[in-house]
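A.B. asks: Please find query-v5.pdb (PDB, C-alpha atoms) on the next line:
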```pdb
ATOM      1  CA  MET L   1     -48.973 177.649 -94.786  1.00  0.00           C
ATOM      2  CA  PRO L   2     -46.961 180.780 -95.695  1.00  0.00           C
ATOM      3  CA  ASP L   3     -44.463 180.579 -98.521  1.00  0.00           C
ATOM      4  CA  SER L   4     -40.938 179.598 -97.539  1.00  0.00           C
ATOM      5  CA  PHE L   5     -38.016 181.998 -97.624  1.00  0.00           C
ATOM      6  CA  LYS L   6     -36.624 180.166-100.670  1.00  0.00           C
ATOM      7  CA  GLN L   7     -39.949 180.366-102.482  1.00  0.00           C
ATOM      8  CA  ARG L   8     -40.023 184.101-101.917  1.00  0.00           C
ATOM      9  CA  ILE L   9     -36.435 184.476-103.120  1.00  0.00           C
ATOM     10  CA  VAL L  10     -36.978 182.384-106.244  1.00  0.00           C
ATOM     11  CA  ARG L  11     -40.199 184.281-106.985  1.00  0.00           C
ATOM     12  CA  GLY L  12     -38.329 187.568-106.791  1.00  0.00           C
ATOM     13  CA  ASP L  13     -40.154 189.139-103.859  1.00  0.00           C
ATOM     14  CA  ARG L  14     -38.397 192.192-102.473  1.00  0.00           C
ATOM     15  CA  LEU L  15     -36.951 191.073 -99.148  1.00  0.00           C
ATOM     16  CA  ILE L  16     -35.213 193.221 -96.543  1.00  0.00           C
ATOM     17  CA  ILE L  17     -32.646 191.468 -94.388  1.00  0.00           C
ATOM     18  CA  SER L  18     -30.111 192.353 -91.708  1.00  0.00           C
ATOM     19  CA  GLY L  19     -26.642 190.964 -91.170  1.00  0.00           C
ATOM     20  CA  VAL L  20     -25.777 189.356 -87.823  1.00  0.00           C
ATOM     21  CA  GLY L  21     -22.369 188.384 -86.524  1.00  0.00           C
ATOM     22  CA  ARG L  22     -19.970 190.639 -84.667  1.00  0.00           C
ATOM     23  CA  MET L  23     -22.411 191.567 -81.895  1.00  0.00           C
ATOM     24  CA  TYR L  24     -24.639 188.519 -82.147  1.00  0.00           C
ATOM     25  CA  HIS L  25     -27.356 187.767 -79.642  1.00  0.00           C
ATOM     26  CA  HIS L  26     -30.596 185.943 -80.322  1.00  0.00           C
ATOM     27  CA  ASN L  27     -32.580 188.687 -78.559  1.00  0.00           C
ATOM     28  CA  MET L  28     -31.501 191.109 -81.268  1.00  0.00           C
ATOM     29  CA  ILE L  29     -33.069 188.815 -83.866  1.00  0.00           C
ATOM     30  CA  LEU L  30     -36.254 188.628 -81.811  1.00  0.00           C
ATOM     31  CA  SER L  31     -36.255 192.423 -81.505  1.00  0.00           C
ATOM     32  CA  LEU L  32     -35.873 192.866 -85.267  1.00  0.00           C
ATOM     33  CA  GLY L  33     -38.862 190.602 -85.783  1.00  0.00           C
ATOM     34  CA  ASN L  34     -40.929 192.508 -83.250  1.00  0.00           C
ATOM     35  CA  HIS L  35     -40.056 195.814 -84.912  1.00  0.00           C
ATOM     36  CA  GLY L  36     -41.341 194.460 -88.200  1.00  0.00           C
ATOM     37  CA  GLY L  37     -40.217 195.272 -91.713  1.00  0.00           C
ATOM     38  CA  PHE L  38     -37.387 192.736 -91.845  1.00  0.00           C
ATOM     39  CA  ASP L  39     -37.953 189.510 -93.748  1.00  0.00           C
ATOM     40  CA  GLY L  40     -34.865 187.701 -92.556  1.00  0.00           C
ATOM     41  CA  VAL L  41     -31.348 187.706 -91.182  1.00  0.00           C
ATOM     42  CA  TRP L  42     -28.076 186.405 -92.525  1.00  0.00           C
ATOM     43  CA  MET L  43     -25.389 185.181 -90.190  1.00  0.00           C
ATOM     44  CA  ASP L  44     -21.800 186.003 -91.021  1.00  0.00           C
ATOM     45  CA  LEU L  45     -19.472 183.096 -90.319  1.00  0.00           C
ATOM     46  CA  GLU L  46     -16.835 184.579 -92.618  1.00  0.00           C
ATOM     47  CA  HIS L  47     -15.940 187.488 -90.332  1.00  0.00           C
ATOM     48  CA  SER L  48     -17.297 186.408 -86.948  1.00  0.00           C
ATOM     49  CA  GLY L  49     -16.847 183.464 -84.634  1.00  0.00           C
ATOM     50  CA  MET L  50     -20.434 182.286 -84.326  1.00  0.00           C
ATOM     51  CA  SER L  51     -20.717 178.626 -83.377  1.00  0.00           C
ATOM     52  CA  ILE L  52     -23.110 176.071 -84.827  1.00  0.00           C
ATOM     53  CA  SER L  53     -25.085 176.354 -81.588  1.00  0.00           C
ATOM     54  CA  ASP L  54     -25.347 180.102 -82.233  1.00  0.00           C
ATOM     55  CA  VAL L  55     -26.620 179.378 -85.735  1.00  0.00           C
ATOM     56  CA  GLU L  56     -29.197 176.912 -84.418  1.00  0.00           C
ATOM     57  CA  VAL L  57     -30.507 179.414 -81.865  1.00  0.00           C
ATOM     58  CA  SER L  58     -30.489 182.217 -84.448  1.00  0.00           C
ATOM     59  CA  ALA L  59     -32.489 180.149 -86.914  1.00  0.00           C
ATOM     60  CA  MET L  60     -34.964 179.221 -84.189  1.00  0.00           C
ATOM     61  CA  ALA L  61     -35.290 182.853 -83.087  1.00  0.00           C
ATOM     62  CA  ALA L  62     -35.859 183.978 -86.675  1.00  0.00           C
ATOM     63  CA  ARG L  63     -38.522 181.327 -87.261  1.00  0.00           C
ATOM     64  CA  SER L  64     -40.331 182.322 -84.078  1.00  0.00           C
ATOM     65  CA  VAL L  65     -40.867 185.865 -85.382  1.00  0.00           C
ATOM     66  CA  GLY L  66     -41.664 184.880 -88.968  1.00  0.00           C
ATOM     67  CA  MET L  67     -38.262 185.625 -90.515  1.00  0.00           C
ATOM     68  CA  GLY L  68     -36.010 183.553 -92.729  1.00  0.00           C
ATOM     69  CA  SER L  69     -32.319 182.979 -92.149  1.00  0.00           C
ATOM     70  CA  PHE L  70     -29.193 181.975 -93.984  1.00  0.00           C
ATOM     71  CA  VAL L  71     -25.474 181.749 -93.301  1.00  0.00           C
ATOM     72  CA  ARG L  72     -22.498 183.181 -95.162  1.00  0.00           C
ATOM     73  CA  ILE L  73     -19.364 181.052 -95.009  1.00  0.00           C
ATOM     74  CA  PRO L  74     -16.078 180.860 -96.886  1.00  0.00           C
ATOM     75  CA  PRO L  75     -16.204 178.039 -99.475  1.00  0.00           C
ATOM     76  CA  THR L  76     -13.366 176.110 -97.887  1.00  0.00           C
ATOM     77  CA  ASP L  77     -14.991 173.508 -95.648  1.00  0.00           C
ATOM     78  CA  TYR L  78     -17.532 170.944 -96.823  1.00  0.00           C
ATOM     79  CA  ALA L  79     -18.293 169.883 -93.258  1.00  0.00           C
ATOM     80  CA  LEU L  80     -19.191 173.439 -92.238  1.00  0.00           C
ATOM     81  CA  VAL L  81     -21.691 173.608 -95.102  1.00  0.00           C
ATOM     82  CA  THR L  82     -23.517 170.503 -93.966  1.00  0.00           C
ATOM     83  CA  ARG L  83     -23.414 171.453 -90.278  1.00  0.00           C
ATOM     84  CA  CYS L  84     -25.001 174.807 -91.104  1.00  0.00           C
ATOM     85  CA  LEU L  85     -27.678 173.187 -93.250  1.00  0.00           C
ATOM     86  CA  GLU L  86     -28.563 170.780 -90.457  1.00  0.00           C
ATOM     87  CA  SER L  87     -29.008 173.684 -88.016  1.00  0.00           C
ATOM     88  CA  GLY L  88     -32.413 174.844 -89.283  1.00  0.00           C
ATOM     89  CA  ILE L  89     -31.447 177.700 -91.586  1.00  0.00           C
ATOM     90  CA  ASP L  90     -33.162 178.331 -94.911  1.00  0.00           C
ATOM     91  CA  GLY L  91     -30.035 178.562 -97.023  1.00  0.00           C
ATOM     92  CA  ILE L  92     -26.304 178.950 -97.358  1.00  0.00           C
ATOM     93  CA  MET L  93     -24.169 181.588 -99.099  1.00  0.00           C
ATOM     94  CA  ALA L  94     -20.601 181.228-100.299  1.00  0.00           C
ATOM     95  CA  ALA L  95     -18.249 184.174 -99.854  1.00  0.00           C
ATOM     96  CA  GLN L  96     -15.088 184.791-101.876  1.00  0.00           C
ATOM     97  CA  ILE L  97     -16.060 182.724-104.897  1.00  0.00           C
ATOM     98  CA  PHE L  98     -13.711 183.149-107.839  1.00  0.00           C
ATOM     99  CA  THR L  99     -14.859 180.698-110.524  1.00  0.00           C
ATOM    100  CA  ALA L 100     -17.948 178.940-111.791  1.00  0.00           C
ATOM    101  CA  ALA L 101     -16.231 175.640-111.029  1.00  0.00           C
ATOM    102  CA  GLN L 102     -15.834 176.689-107.404  1.00  0.00           C
ATOM    103  CA  ALA L 103     -19.521 177.689-107.267  1.00  0.00           C
ATOM    104  CA  GLU L 104     -20.494 174.336-108.763  1.00  0.00           C
ATOM    105  CA  GLN L 105     -18.533 172.523-106.047  1.00  0.00           C
ATOM    106  CA  PHE L 106     -20.301 174.583-103.375  1.00  0.00           C
ATOM    107  CA  VAL L 107     -23.697 173.597-104.810  1.00  0.00           C
ATOM    108  CA  GLN L 108     -22.694 169.931-104.751  1.00  0.00           C
ATOM    109  CA  TRP L 109     -21.630 170.283-101.109  1.00  0.00           C
ATOM    110  CA  ALA L 110     -25.067 171.732-100.282  1.00  0.00           C
ATOM    111  CA  LYS L 111     -27.237 169.246-102.195  1.00  0.00           C
ATOM    112  CA  TYR L 112     -28.061 165.587-101.746  1.00  0.00           C
ATOM    113  CA  VAL L 113     -28.203 163.185-104.668  1.00  0.00           C
ATOM    114  CA  PRO L 114     -28.864 163.424-107.521  1.00  0.00           C
ATOM    115  CA  ARG L 115     -27.612 167.036-107.638  1.00  0.00           C
ATOM    116  CA  GLY L 116     -24.766 166.774-105.163  1.00  0.00           C
ATOM    117  CA  TYR L 117     -23.040 164.604-102.622  1.00  0.00           C
ATOM    118  CA  ARG L 118     -23.920 166.122 -99.280  1.00  0.00           C
ATOM    119  CA  GLY L 119     -23.432 163.590 -96.503  1.00  0.00           C
ATOM    120  CA  LEU L 120     -26.709 161.944 -95.607  1.00  0.00           C
ATOM    121  CA  ASN L 121     -27.611 162.423 -91.951  1.00  0.00           C
ATOM    122  CA  ALA L 122     -31.209 162.761 -90.820  1.00  0.00           C
ATOM    123  CA  GLY L 123     -30.295 163.701 -87.259  1.00  0.00           C
ATOM    124  CA  GLY L 124     -30.455 167.464 -87.770  1.00  0.00           C
ATOM    125  CA  TYR L 125     -33.309 169.942 -87.872  1.00  0.00           C
ATOM    126  CA  ASP L 126     -33.939 169.411 -91.587  1.00  0.00           C
ATOM    127  CA  GLY L 127     -34.307 165.648 -90.976  1.00  0.00           C
ATOM    128  CA  ARG L 128     -36.722 166.273 -88.091  1.00  0.00           C
ATOM    129  CA  PHE L 129     -34.053 164.928 -85.754  1.00  0.00           C
ATOM    130  CA  GLY L 130     -34.194 161.411 -87.153  1.00  0.00           C
ATOM    131  CA  LEU L 131     -37.918 161.196 -87.847  1.00  0.00           C
ATOM    132  CA  MET L 132     -37.639 161.712 -91.619  1.00  0.00           C
ATOM    133  CA  GLY L 133     -36.706 158.925 -93.988  1.00  0.00           C
ATOM    134  CA  ALA L 134     -33.610 159.213 -96.157  1.00  0.00           C
ATOM    135  CA  ALA L 135     -35.430 159.556 -99.481  1.00  0.00           C
ATOM    136  CA  ASP L 136     -37.784 162.231 -98.138  1.00  0.00           C
ATOM    137  CA  LEU L 137     -34.889 164.142 -96.598  1.00  0.00           C
ATOM    138  CA  CYS L 138     -32.940 164.166 -99.855  1.00  0.00           C
ATOM    139  CA  ARG L 139     -35.947 165.416-101.773  1.00  0.00           C
ATOM    140  CA  THR L 140     -37.259 168.020 -99.333  1.00  0.00           C
ATOM    141  CA  ALA L 141     -33.838 169.431 -98.415  1.00  0.00           C
ATOM    142  CA  ASN L 142     -32.901 169.839-102.078  1.00  0.00           C
ATOM    143  CA  GLU L 143     -36.219 171.554-102.763  1.00  0.00           C
ATOM    144  CA  SER L 144     -36.379 173.847 -99.743  1.00  0.00           C
ATOM    145  CA  THR L 145     -32.760 174.915 -99.168  1.00  0.00           C
ATOM    146  CA  PHE L 146     -31.441 177.771-101.273  1.00  0.00           C
ATOM    147  CA  VAL L 147     -27.868 178.431-102.362  1.00  0.00           C
ATOM    148  CA  ALA L 148     -26.483 181.929-102.881  1.00  0.00           C
ATOM    149  CA  ILE L 149     -23.132 182.795-104.420  1.00  0.00           C
ATOM    150  CA  GLN L 150     -21.480 186.055-103.468  1.00  0.00           C
ATOM    151  CA  ILE L 151     -20.043 188.108-106.318  1.00  0.00           C
ATOM    152  CA  GLU L 152     -17.230 190.155-104.830  1.00  0.00           C
ATOM    153  CA  THR L 153     -14.097 189.188-106.753  1.00  0.00           C
ATOM    154  CA  GLN L 154     -12.944 190.324-110.168  1.00  0.00           C
ATOM    155  CA  GLN L 155     -12.977 186.773-111.498  1.00  0.00           C
ATOM    156  CA  ALA L 156     -16.480 186.134-110.172  1.00  0.00           C
ATOM    157  CA  VAL L 157     -17.698 189.180-112.083  1.00  0.00           C
ATOM    158  CA  GLU L 158     -16.005 187.842-115.216  1.00  0.00           C
ATOM    159  CA  GLU L 159     -17.690 184.461-114.697  1.00  0.00           C
ATOM    160  CA  CYS L 160     -21.031 185.684-113.326  1.00  0.00           C
ATOM    161  CA  GLU L 161     -22.897 184.468-116.418  1.00  0.00           C
ATOM    162  CA  ALA L 162     -21.555 180.948-115.947  1.00  0.00           C
ATOM    163  CA  ILE L 163     -22.304 181.109-112.213  1.00  0.00           C
ATOM    164  CA  ALA L 164     -25.872 182.290-112.807  1.00  0.00           C
ATOM    165  CA  ALA L 165     -26.375 179.402-115.240  1.00  0.00           C
ATOM    166  CA  ILE L 166     -25.562 176.737-112.635  1.00  0.00           C
ATOM    167  CA  GLU L 167     -28.509 174.559-111.646  1.00  0.00           C
ATOM    168  CA  GLY L 168     -28.995 174.911-107.914  1.00  0.00           C
ATOM    169  CA  VAL L 169     -27.678 178.449-107.644  1.00  0.00           C
ATOM    170  CA  ASP L 170     -30.735 180.426-106.604  1.00  0.00           C
ATOM    171  CA  LEU L 171     -29.271 183.879-106.012  1.00  0.00           C
ATOM    172  CA  LEU L 172     -26.200 185.975-106.784  1.00  0.00           C
ATOM    173  CA  PHE L 173     -25.292 188.363-103.981  1.00  0.00           C
ATOM    174  CA  VAL L 174     -23.145 191.435-104.591  1.00  0.00           C
ATOM    175  CA  GLY L 175     -20.643 192.356-101.881  1.00  0.00           C
ATOM    176  CA  PRO L 176     -19.889 196.028-102.628  1.00  0.00           C
ATOM    177  CA  ALA L 177     -17.017 196.447-100.173  1.00  0.00           C
ATOM    178  CA  ASP L 178     -14.790 193.698-101.538  1.00  0.00           C
ATOM    179  CA  LEU L 179     -15.965 194.418-105.067  1.00  0.00           C
ATOM    180  CA  SER L 180     -14.807 198.026-104.788  1.00  0.00           C
ATOM    181  CA  GLN L 181     -11.546 196.824-103.256  1.00  0.00           C
ATOM    182  CA  VAL L 182     -10.675 194.419-106.072  1.00  0.00           C
ATOM    183  CA  LEU L 183     -11.545 197.107-108.607  1.00  0.00           C
ATOM    184  CA  GLY L 184      -8.976 199.399-106.971  1.00  0.00           C
ATOM    185  CA  ILE L 185     -11.545 201.896-105.660  1.00  0.00           C
ATOM    186  CA  PRO L 186     -12.186 200.792-102.077  1.00  0.00           C
ATOM    187  CA  GLY L 187     -15.298 202.337-100.582  1.00  0.00           C
ATOM    188  CA  GLN L 188     -16.366 204.077-103.804  1.00  0.00           C
ATOM    189  CA  PHE L 189     -19.550 202.056-104.138  1.00  0.00           C
ATOM    190  CA  MET L 190     -21.130 204.306-106.762  1.00  0.00           C
ATOM    191  CA  HIS L 191     -18.020 204.453-108.948  1.00  0.00           C
ATOM    192  CA  PRO L 192     -18.762 203.692-112.627  1.00  0.00           C
ATOM    193  CA  ASP L 193     -16.640 200.541-112.472  1.00  0.00           C
ATOM    194  CA  CYS L 194     -18.712 199.207-109.564  1.00  0.00           C
ATOM    195  CA  LEU L 195     -21.928 200.079-111.354  1.00  0.00           C
ATOM    196  CA  ALA L 196     -20.708 198.343-114.518  1.00  0.00           C
ATOM    197  CA  ALA L 197     -19.998 195.181-112.523  1.00  0.00           C
ATOM    198  CA  ILE L 198     -23.464 195.318-110.967  1.00  0.00           C
ATOM    199  CA  ASP L 199     -25.014 195.791-114.419  1.00  0.00           C
ATOM    200  CA  ARG L 200     -23.236 192.661-115.585  1.00  0.00           C
ATOM    201  CA  VAL L 201     -24.518 190.649-112.614  1.00  0.00           C
ATOM    202  CA  SER L 202     -28.051 191.959-113.110  1.00  0.00           C
ATOM    203  CA  THR L 203     -27.989 191.094-116.805  1.00  0.00           C
ATOM    204  CA  ALA L 204     -26.687 187.594-116.108  1.00  0.00           C
ATOM    205  CA  CYS L 205     -29.455 186.975-113.591  1.00  0.00           C
ATOM    206  CA  ARG L 206     -32.152 188.125-115.987  1.00  0.00           C
ATOM    207  CA  ARG L 207     -30.734 185.914-118.729  1.00  0.00           C
ATOM    208  CA  TYR L 208     -30.809 182.766-116.602  1.00  0.00           C
ATOM    209  CA  GLY L 209     -33.960 183.462-114.619  1.00  0.00           C
ATOM    210  CA  LYS L 210     -32.186 184.087-111.319  1.00  0.00           C
ATOM    211  CA  HIS L 211     -32.414 186.923-108.826  1.00  0.00           C
ATOM    212  CA  TRP L 212     -29.718 188.918-107.088  1.00  0.00           C
ATOM    213  CA  GLY L 213     -29.188 190.582-103.757  1.00  0.00           C
ATOM    214  CA  ALA L 214     -26.734 193.032-102.257  1.00  0.00           C
ATOM    215  CA  VAL L 215     -25.439 194.748 -99.195  1.00  0.00           C
ATOM    216  CA  THR L 216     -26.545 198.358 -99.678  1.00  0.00           C
ATOM    217  CA  PRO L 217     -24.319 200.717 -97.647  1.00  0.00           C
ATOM    218  CA  THR L 218     -26.303 203.892 -98.378  1.00  0.00           C
ATOM    219  CA  PRO L 219     -29.861 204.867 -99.370  1.00  0.00           C
ATOM    220  CA  GLU L 220     -28.469 205.963-102.736  1.00  0.00           C
ATOM    221  CA  HIS L 221     -26.887 202.553-103.261  1.00  0.00           C
ATOM    222  CA  ALA L 222     -30.118 200.803-102.238  1.00  0.00           C
ATOM    223  CA  ALA L 223     -32.172 202.861-104.697  1.00  0.00           C
ATOM    224  CA  MET L 224     -29.682 202.158-107.482  1.00  0.00           C
ATOM    225  CA  SER L 225     -29.715 198.437-106.721  1.00  0.00           C
ATOM    226  CA  ILE L 226     -33.515 198.263-106.713  1.00  0.00           C
ATOM    227  CA  GLU L 227     -33.628 200.129-110.014  1.00  0.00           C
ATOM    228  CA  LYS L 228     -31.269 197.515-111.475  1.00  0.00           C
ATOM    229  CA  GLY L 229     -33.445 194.639-110.292  1.00  0.00           C
ATOM    230  CA  CYS L 230     -32.064 193.776-106.851  1.00  0.00           C
ATOM    231  CA  THR L 231     -34.648 191.873-104.803  1.00  0.00           C
ATOM    232  CA  LEU L 232     -32.755 190.800-101.636  1.00  0.00           C
ATOM    233  CA  ILE L 233     -31.559 193.933 -99.864  1.00  0.00           C
ATOM    234  CA  SER L 234     -29.323 194.099 -96.788  1.00  0.00           C
ATOM    235  CA  PRO L 235     -29.180 197.747 -95.617  1.00  0.00           C
ATOM    236  CA  THR L 236     -27.772 197.112 -92.161  1.00  0.00           C
ATOM    237  CA  ASN L 237     -26.159 194.720 -89.706  1.00  0.00           C
ATOM    238  CA  ASP L 238     -25.771 194.400 -85.954  1.00  0.00           C
ATOM    239  CA  VAL L 239     -22.804 196.785 -85.732  1.00  0.00           C
ATOM    240  CA  ARG L 240     -24.518 199.440 -87.840  1.00  0.00           C
ATOM    241  CA  LEU L 241     -27.710 199.105 -85.813  1.00  0.00           C
ATOM    242  CA  PHE L 242     -25.770 199.594 -82.580  1.00  0.00           C
ATOM    243  CA  ASN L 243     -23.869 202.618 -83.911  1.00  0.00           C
ATOM    244  CA  ALA L 244     -27.086 204.162 -85.222  1.00  0.00           C
ATOM    245  CA  GLY L 245     -28.680 203.703 -81.814  1.00  0.00           C
ATOM    246  CA  VAL L 246     -25.751 205.342 -80.020  1.00  0.00           C
ATOM    247  CA  GLN L 247     -25.729 208.249 -82.456  1.00  0.00           C
ATOM    248  CA  SER L 248     -29.488 208.674 -82.133  1.00  0.00           C
ATOM    249  CA  THR L 249     -29.189 208.767 -78.338  1.00  0.00           C
ATOM    250  CA  LYS L 250     -26.397 211.338 -78.446  1.00  0.00           C
ATOM    251  CA  THR L 251     -28.439 213.474 -80.830  1.00  0.00           C
ATOM    252  CA  MET L 252     -31.569 213.198 -78.704  1.00  0.00           C
ATOM    253  CA  PHE L 253     -29.654 214.058 -75.522  1.00  0.00           C
ATOM    254  CA  LYS L 254     -27.222 216.469 -77.104  1.00  0.00           C
ATOM    255  CA  GLN L 255     -27.114 218.583 -73.950  1.00  0.00           C
ATOM    256  CA  LEU L 256     -25.395 215.638 -72.250  1.00  0.00           C
ATOM    257  CA  PHE L 257     -22.786 215.248 -75.016  1.00  0.00           C
ATOM    258  CA  PRO L 258     -21.834 218.844 -75.860  1.00  0.00           C
ATOM    259  CA  SER L 259     -18.405 218.010 -77.271  1.00  0.00           C
ATOM    260  CA  LYS L 260     -19.042 214.543 -78.692  1.00  0.00           C
TER     261      LYS L 260
END
```
As a first step, turn the structure in this file into structure tokens.

C.D. replies:
Amino acid sequence: MPDSFKQRIVRGDRLIISGVGRMYHHNMILSLGNHGGFDGVWMDLEHSGMSISDVEVSAMAARSVGMGSFVRIPPTDYALVTRCLESGIDGIMAAQIFTAAQAEQFVQWAKYVPRGYRGLNAGGYDGRFGLMGAADLCRTANESTFVAIQIETQQAVEECEAIAAIEGVDLLFVGPADLSQVLGIPGQFMHPDCLAAIDRVSTACRRYGKHWGAVTPTPEHAAMSIEKGCTLISPTNDVRLFNAGVQSTKTMFKQLFPSK
């Protein structure tokens, strides 16, 4: 049996993933898998209106082409955490975390006893739709589901060491757009202040035996992140893929778009 997405994350394999949300369709996930090169997708429930049914179908589509999947959500709704985890995804990521205490609460929402207090319901995908016993579900879900914490606020950077030290946090994930915004340099992803924040996250992860990931807006940013130890890399999303396709078409057929 191939290693799980969490096992690969915890081991520190370099994984390439794509964001999905604004222009979601399960066929896009299937197409990414058929193209090859992508290890997984992450679904954005912070900025898009994907339903739990969408998440279930996305997770199923990803599994069918050998990719992992996880969901990003705002850390404001315990019930949304558990609904996502019951949908068949490999993990959950909290956006807009400010403190280690907030990250700790998110972990407890995502874990069964003894680590957390997630509501016990074996009727979802992770409980084999009622076929798995309660004790086995608690154990296997806690072992196989990963938790990522997004570092994109000034306070999260200041507390990234404490966040990385939390048992059950498997990955810190840098959001460069919001990070640059809170540092007062929106869009300047290679600004020294942004790089200093990333260095701090990278150092914290090394200290506590964790790994980190990032959205990488440019090839330069991706290369910098890899050099600093980034192992989960998100270089694109559905909107960027669509725009790149349109631009490629207009370049290929430039005689048809002389003034565009």

A.B. asks: Counting only C-alpha atoms, which of L:Asp136, L:Met23, L:Ala148, L:Val182 gets nearest to Arg240 in chain L?

C.D. replies: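 Once distances to Arg240 in chain L are computed over only C-alpha atoms, the minimum belongs to L:Met23.
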
A.B. asks: Do you know which residues are at most 12 Å from Met93 in chain L counting only C-alpha atoms, after dropping those on the same chain fewer than 2 positions away, and could you put them as a ChimeraX atom specification?

C.D. replies: /L:42-46,69-75,80-81,84-85,89-91,95-97,103,106-107,109-110,145-151,169-175,213

A.B. asks: Find the distance between CA of Asn27 in chain L and CA of Ala61 in chain L and write it in Å to one decimal.

C.D. replies: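 Interatomic distance, CA of Asn27 in chain L to CA of Ala61 in chain L: 7.9 Å.
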
A.B. asks: Any chance you could resolve the PyMOL selection byres ((chain L and resi 4-16) around 10) against this file and give the residues as number ranges by chain?

C.D. replies: L: 1-3, 17-18, 37-41, 66-70, 89-91, 143-147, 170-171, 209-213, 226, 229-236

A.B. asks: Just how far from CA of Ser225 in chain L is CA of Gly33 in chain L, in Å to one decimal?

C.D. replies: 24.2 Å
